[in-house]
file target30.cif (mmCIF, C-alpha atoms)
data_protein
loop_
_atom_site.label_atom_id
_atom_site.label_comp_id
_atom_site.auth_asym_id
_atom_site.auth_seq_id
_atom_site.Cartn_x
_atom_site.Cartn_y
_atom_site.Cartn_z
CA GLN X 3 0.00 0.00 0.00
CA ALA X 4 2.88 2.36 0.81
CA ILE X 5 4.36 1.71 -2.61
CA SER X 6 0.96 2.24 -4.26
CA ARG X 7 0.47 5.58 -2.47
CA GLN X 8 3.99 6.65 -3.38
CA ALA X 9 3.36 5.74 -7.03
CA SER X 10 0.25 7.94 -7.04
CA HIS X 11 2.23 10.77 -5.46
CA THR X 12 4.97 10.29 -8.04
CA ARG X 13 2.56 10.40 -10.96
CA ALA X 14 1.08 13.61 -9.59
CA HIS X 15 4.51 15.29 -9.62
CA SER X 16 5.79 14.06 -13.02
CA ASP X 17 5.61 16.46 -15.97
CA ARG X 18 3.98 14.80 -18.96
CA VAL X 19 3.31 15.60 -22.58
CA VAL X 20 -0.13 14.54 -23.85
CA LEU X 21 0.01 13.13 -27.38
CA GLY X 22 -2.89 12.24 -29.69
CA HIS X 23 -6.12 10.71 -28.38
CA GLY X 24 -5.35 11.72 -24.80
CA THR X 25 -2.64 9.09 -24.32
CA ARG X 26 -0.21 10.17 -21.60
CA ARG X 27 3.24 9.42 -22.91
CA CYS X 28 6.81 10.71 -22.97
CA ALA X 29 7.39 12.55 -19.69
CA VAL X 30 9.86 15.27 -20.64
CA THR X 31 11.71 15.03 -17.33
CA MET X 32 11.46 12.95 -14.20
CA TRP X 33 13.42 14.45 -11.26
CA GLY X 34 15.96 15.97 -13.61
CA HIS X 35 16.27 12.90 -15.90
CA ARG X 36 15.15 13.30 -19.50
CA LEU X 37 13.09 10.43 -20.83
CA ASP X 38 13.35 9.06 -24.35
CA HIS X 39 10.75 10.07 -26.92
CA GLY X 40 7.69 7.83 -26.74
CA GLU X 41 8.74 6.33 -23.41
CA ASN X 42 5.77 5.63 -21.15
CA ALA X 43 6.16 7.39 -17.82
CA GLU X 44 3.60 5.33 -15.91
CA PRO X 45 5.65 2.10 -15.50
CA LEU X 46 8.76 4.17 -14.76
CA ALA X 47 6.90 6.09 -12.07
CA ALA X 48 5.71 2.87 -10.43
CA GLU X 49 9.21 1.39 -10.52
CA ALA X 50 10.68 4.64 -9.20
CA ALA X 51 8.23 4.71 -6.31
CA LYS X 52 9.08 1.12 -5.40
CA ASN X 53 12.82 1.83 -5.49
CA GLY X 54 12.30 5.03 -3.50
CA VAL X 55 10.74 2.98 -0.71
CA ILE X 56 13.68 0.53 -0.85
CA VAL X 57 16.18 3.37 -0.46
CA HIS X 58 14.12 4.92 2.34
CA ARG X 59 14.22 1.65 4.28
CA ALA X 60 17.99 1.46 3.85
CA PHE X 61 18.37 4.87 5.55
CA ARG X 62 15.62 4.56 8.11
CA SER X 63 18.13 4.49 11.02
CA MET X 64 20.17 7.57 10.14
CA GLY X 65 18.68 9.85 12.78
CA PRO X 66 20.67 13.07 13.49
CA MET X 67 23.50 11.80 11.27
CA ALA X 68 21.37 12.73 8.26
CA HIS X 69 21.97 16.44 8.96
CA GLN X 70 25.62 15.98 7.90
CA LEU X 71 24.98 14.08 4.67
CA CYS X 72 24.06 14.71 1.05
CA ILE X 73 22.29 12.00 -0.96
CA VAL X 74 22.94 11.62 -4.69
CA LEU X 75 20.57 9.39 -6.71
CA PRO X 76 22.15 8.98 -10.17
CA GLN X 77 19.48 6.55 -11.40
CA ARG X 78 16.34 7.99 -12.95
CA HIS X 79 14.13 5.15 -11.71
CA VAL X 80 14.54 6.06 -8.01
CA ASP X 81 12.00 8.49 -6.56
CA PRO X 82 13.76 10.89 -4.15
CA THR X 83 10.50 11.97 -2.48
CA PRO X 84 10.66 9.53 0.51
CA LEU X 85 14.08 10.96 1.47
CA LEU X 86 13.07 14.61 1.48
CA ASP X 87 11.67 14.56 5.03
CA MET X 88 14.55 12.64 6.64
CA GLY X 89 16.68 15.67 7.44
CA PHE X 90 19.44 15.30 4.83
CA LEU X 91 21.37 18.44 3.89
CA ALA X 92 20.53 17.85 0.25
CA VAL X 93 18.96 15.16 -1.94
CA ARG X 94 20.16 15.32 -5.54
CA SER X 95 18.55 13.34 -8.35
CA GLY X 96 20.84 13.02 -11.35
CA ASN X 97 24.40 14.19 -11.91
CA GLU X 98 23.77 17.79 -12.93
CA GLY X 99 25.20 20.41 -10.60
CA LEU X 100 27.28 18.05 -8.47
CA THR X 101 30.38 20.21 -8.93
CA THR X 102 28.64 23.50 -8.10
CA ASP X 103 25.35 23.05 -6.23
CA LEU X 104 26.98 21.49 -3.16
CA GLN X 105 29.27 24.46 -2.48
CA THR X 106 26.72 26.11 -0.20
CA VAL X 107 25.70 22.83 1.47
CA ASN X 108 29.20 21.71 2.55
CA PRO X 109 28.30 18.17 3.76
CA GLU X 110 30.53 15.87 5.78
CA ALA X 111 29.97 13.19 3.16
CA ALA X 112 28.12 12.62 -0.09
CA LEU X 113 26.40 9.27 -0.52
CA ILE X 114 25.89 7.96 -4.05
CA VAL X 115 22.95 5.58 -3.68
CA THR X 116 21.71 3.09 -6.26
CA VAL X 117 19.25 0.22 -6.24
CA GLY X 118 21.31 -2.67 -7.54
CA VAL X 119 24.58 -2.04 -9.39
CA ASP X 120 24.60 0.71 -12.02
CA GLN X 121 28.27 1.11 -12.87
CA PRO X 122 28.10 3.93 -15.48
CA ALA X 123 25.83 6.13 -13.34
CA VAL X 124 27.87 5.63 -10.16
CA THR X 125 31.20 6.11 -11.90
CA ARG X 126 30.09 9.41 -13.44
CA ALA X 127 28.71 10.70 -10.14
CA ALA X 128 31.88 9.68 -8.26
CA GLU X 129 34.08 11.45 -10.80
CA LEU X 130 32.04 14.65 -10.51
CA LEU X 131 32.01 14.59 -6.71
CA ASN X 132 35.72 13.83 -6.60
CA SER X 133 36.34 17.10 -8.46
CA ASN X 134 34.30 19.04 -5.87
CA SER X 135 36.54 20.28 -3.04
CA ASN X 136 33.48 20.87 -0.83
CA VAL X 137 32.82 17.12 -0.49
CA PRO X 138 35.55 15.58 1.67
CA THR X 139 34.17 12.01 1.71
CA VAL X 140 32.40 10.14 -1.10
CA VAL X 141 30.61 6.91 -0.18
CA VAL X 142 28.91 4.61 -2.69
CA VAL X 143 25.95 2.68 -1.26
CA LEU X 144 24.62 -0.22 -3.35
CA VAL X 145 21.19 -1.24 -2.04
CA MET X 146 20.41 -4.70 -3.34
CA PRO X 147 16.66 -5.43 -3.76
CA HIS X 148 15.30 -8.08 -1.41
CA ASP X 149 11.96 -9.87 -1.26
CA GLU X 150 10.75 -9.46 2.32
CA SER X 151 8.73 -12.66 2.07
CA LYS X 152 12.01 -14.58 1.81
CA PRO X 153 14.58 -15.09 4.57
CA PRO X 154 17.65 -12.83 4.61
CA PRO X 155 20.71 -14.06 2.72
CA THR X 156 23.03 -16.46 4.46
CA PRO X 157 26.65 -15.49 5.27
CA ALA X 158 27.79 -17.60 2.31
CA GLU X 159 25.42 -15.75 -0.03
CA CYS X 160 26.59 -12.38 1.33
CA LEU X 161 30.20 -13.38 0.70
CA GLU X 162 29.29 -14.45 -2.83
CA HIS X 163 27.69 -11.04 -3.48
CA SER X 164 30.88 -9.38 -2.29
CA ARG X 165 32.99 -11.50 -4.62
CA GLN X 166 30.75 -10.82 -7.59
CA THR X 167 30.99 -7.06 -7.12
CA LYS X 168 34.74 -6.99 -6.45
CA ASP X 169 35.73 -5.58 -9.84
CA VAL X 170 32.84 -3.10 -9.83
CA ARG X 171 33.82 -1.79 -6.41
CA LYS X 172 37.42 -1.49 -7.57
CA ASN X 173 36.27 0.72 -10.45
CA PHE X 174 34.29 2.91 -8.05
CA PHE X 175 37.38 3.41 -5.91
CA ALA X 176 39.33 4.35 -9.03
CA ALA X 177 36.63 6.90 -9.92
CA GLY X 178 37.11 8.66 -6.58
CA ALA X 179 34.95 6.86 -4.01
CA ASP X 180 36.39 6.68 -0.49
CA GLU X 181 34.22 3.70 0.49
CA VAL X 182 31.78 1.32 -1.20
CA LEU X 183 29.05 -0.33 0.88
CA LEU X 184 26.84 -3.25 -0.13
CA LEU X 185 23.47 -3.49 1.67
CA LEU X 186 21.90 -6.94 1.44
CA GLY X 187 18.66 -8.48 2.64
CA GLY X 188 16.92 -5.25 3.58
CA GLU X 189 19.89 -4.19 5.70
CA ALA X 190 19.73 -0.67 7.14
CA LEU X 191 22.78 1.56 7.14
CA LEU X 192 23.59 2.52 10.74
CA PRO X 193 24.88 6.01 11.61
CA HIS X 194 27.94 4.86 13.55
CA ARG X 195 29.13 2.98 10.48
CA LEU X 196 29.08 6.16 8.41
CA ALA X 197 30.75 8.13 11.20
CA GLU X 198 33.60 5.59 11.25
CA ILE X 199 33.95 5.83 7.46
CA ILE X 200 34.18 9.63 7.62
CA ASP X 201 36.78 9.49 10.42
CA THR X 202 38.82 6.89 8.54
CA SER X 203 38.70 8.96 5.36
CA ASP X 204 39.89 12.07 7.23
CA TYR X 205 42.69 10.13 8.89
CA MET X 206 43.85 8.59 5.60
CA ALA X 207 43.78 12.00 3.91
CA ALA X 208 45.89 13.51 6.69
CA LYS X 209 48.30 10.57 6.60
CA THR X 210 48.63 10.80 2.82
CA SER X 211 49.29 14.53 3.11
CA GLU X 212 52.07 13.84 5.63
CA VAL X 213 53.70 11.29 3.32
CA ILE X 214 53.51 13.68 0.35
CA ASN X 215 54.95 16.56 2.38
CA ALA X 216 57.79 14.35 3.61
CA GLU X 217 58.59 13.31 0.04
CA VAL X 218 58.50 16.93 -1.15
CA LEU X 219 60.87 18.02 1.64
CA SER X 220 63.22 15.17 0.78
CA VAL X 221 63.31 16.17 -2.89
CA GLN X 222 63.82 19.83 -1.98
CA ARG X 223 66.68 18.92 0.39
CA LYS X 224 68.43 16.85 -2.29
CA ALA X 225 67.99 19.64 -4.85
CA ALA X 226 69.47 22.20 -2.43
CA GLN X 227 72.49 19.96 -1.77
CA ARG X 228 73.12 19.52 -5.48
CA LEU X 229 72.90 23.28 -5.99
CA GLN X 230 75.43 23.87 -3.22
CA HIS X 231 77.90 21.38 -4.72
CA ALA X 232 77.51 22.95 -8.16
CA HIS X 233 78.05 26.42 -6.70
CA ARG X 234 81.21 25.29 -4.91
CA ARG X 235 82.62 23.77 -8.09
CA PHE X 236 81.92 27.00 -9.94
CA LEU X 237 83.73 29.08 -7.31
CA MET X 238 86.75 26.77 -7.43
CA MET X 239 86.97 26.97 -11.23
CA LEU X 240 86.52 30.75 -11.45
CA PRO X 241 90.04 31.84 -10.24
CA GLY X 242 91.78 29.39 -12.59
CA ARG X 243 89.94 30.69 -15.59
CA ALA X 244 90.68 34.27 -14.63
CA LEU X 245 94.46 33.59 -14.44
CA GLU X 246 94.42 31.87 -17.83
CA ASN X 247 93.34 35.12 -19.41
CA LEU X 248 96.32 37.10 -18.04
CA PRO X 249 99.08 37.87 -20.55
CA CYS X 250 102.29 35.79 -20.25
CA GLU X 251 104.42 38.84 -19.45
#

call {"tool": "encode", "arguments": {"input": "target30.cif", "output": "structure tokens"}}
result
Amino acid sequence: QAISRQASHTRAHSDRVVLGHGTRRCAVTMWGHRLDHGENAEPLAAEAAKNGVIVHRAFRSMGPMAHQLCIVLPQRHVDPTPLLDMGFLAVRSGNEGLTTDLQTVNPEAALIVTVGVDQPAVTRAAELLNSNSNVPTVVVVLVMPHDESKPPPTPAECLEHSRQTKDVRKNFFAAGADEVLLLLGGEALLPHRLAEIIDTSDYMAAKTSEVINAEVLSVQRKAAQRLQHAHRRFLMMLPGRALENLPCE
């Protein structure tokens, strides 16, 4: 029933173009995502409402932690409406404006959330957020759909999911993600887990900065020593060359 109500709410907020004979087709945009010509918006709206509920359940335990986070939904078939009243700093649907719109929000972390694995959408969003200096931590959250009438996955099944997404997660890290989380079996993301990820990211950034600074100082020290040696050799050669130019008399 919740999904049905959400679908009705979604349909009420989707811009549509009415073609011949009153057939409602080809929604121009849906939460910032342009639909293809002739694409029926009704099934997409129902699917988006269902996925919106799935994402909402994954973040149902955020509490006050939500006030420090920005949610990015790069998939067009995820309705952001259920997340709007959860206290997040910002909820972005699509990849437009990720490098500029978050400058005034300044979140502790940006969460790229997808239902299932959508590698192109996540990679693009991670690359854009990685170029935004106002987002210190980028976390990818992959919410895997789960039928609540079935038991949760066993530890062996969870491990198999992790193995299957190993290469995908590696690509997300390469695109700029600081952490990639896999939520299975209706699992809810707990706030302390995100707090630990943010602290770890800050620590690793500080540690990396220390290593880089140490390497830079080492290179500068070696360059200064080489310059001193070259200067000394020049001073030793200068008097000899001056005497060579004196006449023999």

call {"tool": "resolve_selection", "arguments": {"input": "target30.cif", "expression": "the PyMOL selection byres ((chain X and resi 128-142) around 7)", "output": "ChimeraX atom specification"}}
result
/X:100-101,104-105,108-115,124-127,143-144,177-183,200,203

call {"tool": "atom_distance", "arguments": {"input": "target30.cif", "atom1": "atom CA of Leu229 of chain X", "atom2": "atom CA of Val213 of chain X"}}
result
24.5 Å

call {"tool": "resolve_selection", "arguments": {"input": "target30.cif", "expression": "the PyMOL selection byres ((chain X and resi 66-81) around 6)", "output": "PDB file with C-alpha atoms, in the coordinates of the input"}}
result
ATOM      1  CA  HIS X  35      16.270  12.900 -15.900  1.00  0.00           C
ATOM      2  CA  ALA X  50      10.680   4.640  -9.200  1.00  0.00           C
ATOM      3  CA  ALA X  51       8.230   4.710  -6.310  1.00  0.00           C
ATOM      4  CA  ASN X  53      12.820   1.830  -5.490  1.00  0.00           C
ATOM      5  CA  GLY X  54      12.300   5.030  -3.500  1.00  0.00           C
ATOM      6  CA  MET X  64      20.170   7.570  10.140  1.00  0.00           C
ATOM      7  CA  GLY X  65      18.680   9.850  12.780  1.00  0.00           C
ATOM      8  CA  PRO X  82      13.760  10.890  -4.150  1.00  0.00           C
ATOM      9  CA  THR X  83      10.500  11.970  -2.480  1.00  0.00           C
ATOM     10  CA  GLY X  89      16.680  15.670   7.440  1.00  0.00           C
ATOM     11  CA  PHE X  90      19.440  15.300   4.830  1.00  0.00           C
ATOM     12  CA  LEU X  91      21.370  18.440   3.890  1.00  0.00           C
ATOM     13  CA  ALA X  92      20.530  17.850   0.250  1.00  0.00           C
ATOM     14  CA  VAL X  93      18.960  15.160  -1.940  1.00  0.00           C
ATOM     15  CA  ARG X  94      20.160  15.320  -5.540  1.00  0.00           C
ATOM     16  CA  SER X  95      18.550  13.340  -8.350  1.00  0.00           C
ATOM     17  CA  GLY X  96      20.840  13.020 -11.350  1.00  0.00           C
ATOM     18  CA  ASN X  97      24.400  14.190 -11.910  1.00  0.00           C
ATOM     19  CA  PRO X 109      28.300  18.170   3.760  1.00  0.00           C
ATOM     20  CA  GLU X 110      30.530  15.870   5.780  1.00  0.00           C
ATOM     21  CA  ALA X 111      29.970  13.190   3.160  1.00  0.00           C
ATOM     22  CA  ALA X 112      28.120  12.620  -0.090  1.00  0.00           C
ATOM     23  CA  LEU X 113      26.400   9.270  -0.520  1.00  0.00           C
ATOM     24  CA  ILE X 114      25.890   7.960  -4.050  1.00  0.00           C
ATOM     25  CA  VAL X 115      22.950   5.580  -3.680  1.00  0.00           C
ATOM     26  CA  ALA X 123      25.830   6.130 -13.340  1.00  0.00           C
ATOM     27  CA  PRO X 193      24.880   6.010  11.610  1.00  0.00           C
TER      28      PRO X 193
END

call {"tool": "atom_distance", "arguments": {"input": "target30.cif", "atom1": "atom CA of Leu161 of chain X", "atom2": "atom CA of Ser63 of chain X"}}
result
23.9 Å

call {"tool": "residues_around", "arguments": {"input": "target30.cif", "residues": "Thr167 of chain X", "least_positions_apart": "5", "cutoff": "9 Å", "atoms": "all atoms listed in the file", "output": "VMD selection string"}}
result
chain X and resid 119 162 172 184

call {"tool": "atom_distance", "arguments": {"input": "target30.cif", "atom1": "atom CA of Thr116 of chain X", "atom2": "atom CA of Met146 of chain X"}}
result
8.4 Å

call {"tool": "residues_around", "arguments": {"input": "target30.cif", "residues": "segment 154-157 of chain X", "least_positions_apart": "3", "cutoff": "10 Å", "atoms": "all atoms listed in the file", "output": "list in words"}}
result
His148, Asp149, Glu150, Ser151, Cys160, Leu161, Glu162, His163, Leu186, Gly187, Gly188 and Glu189 of chain X
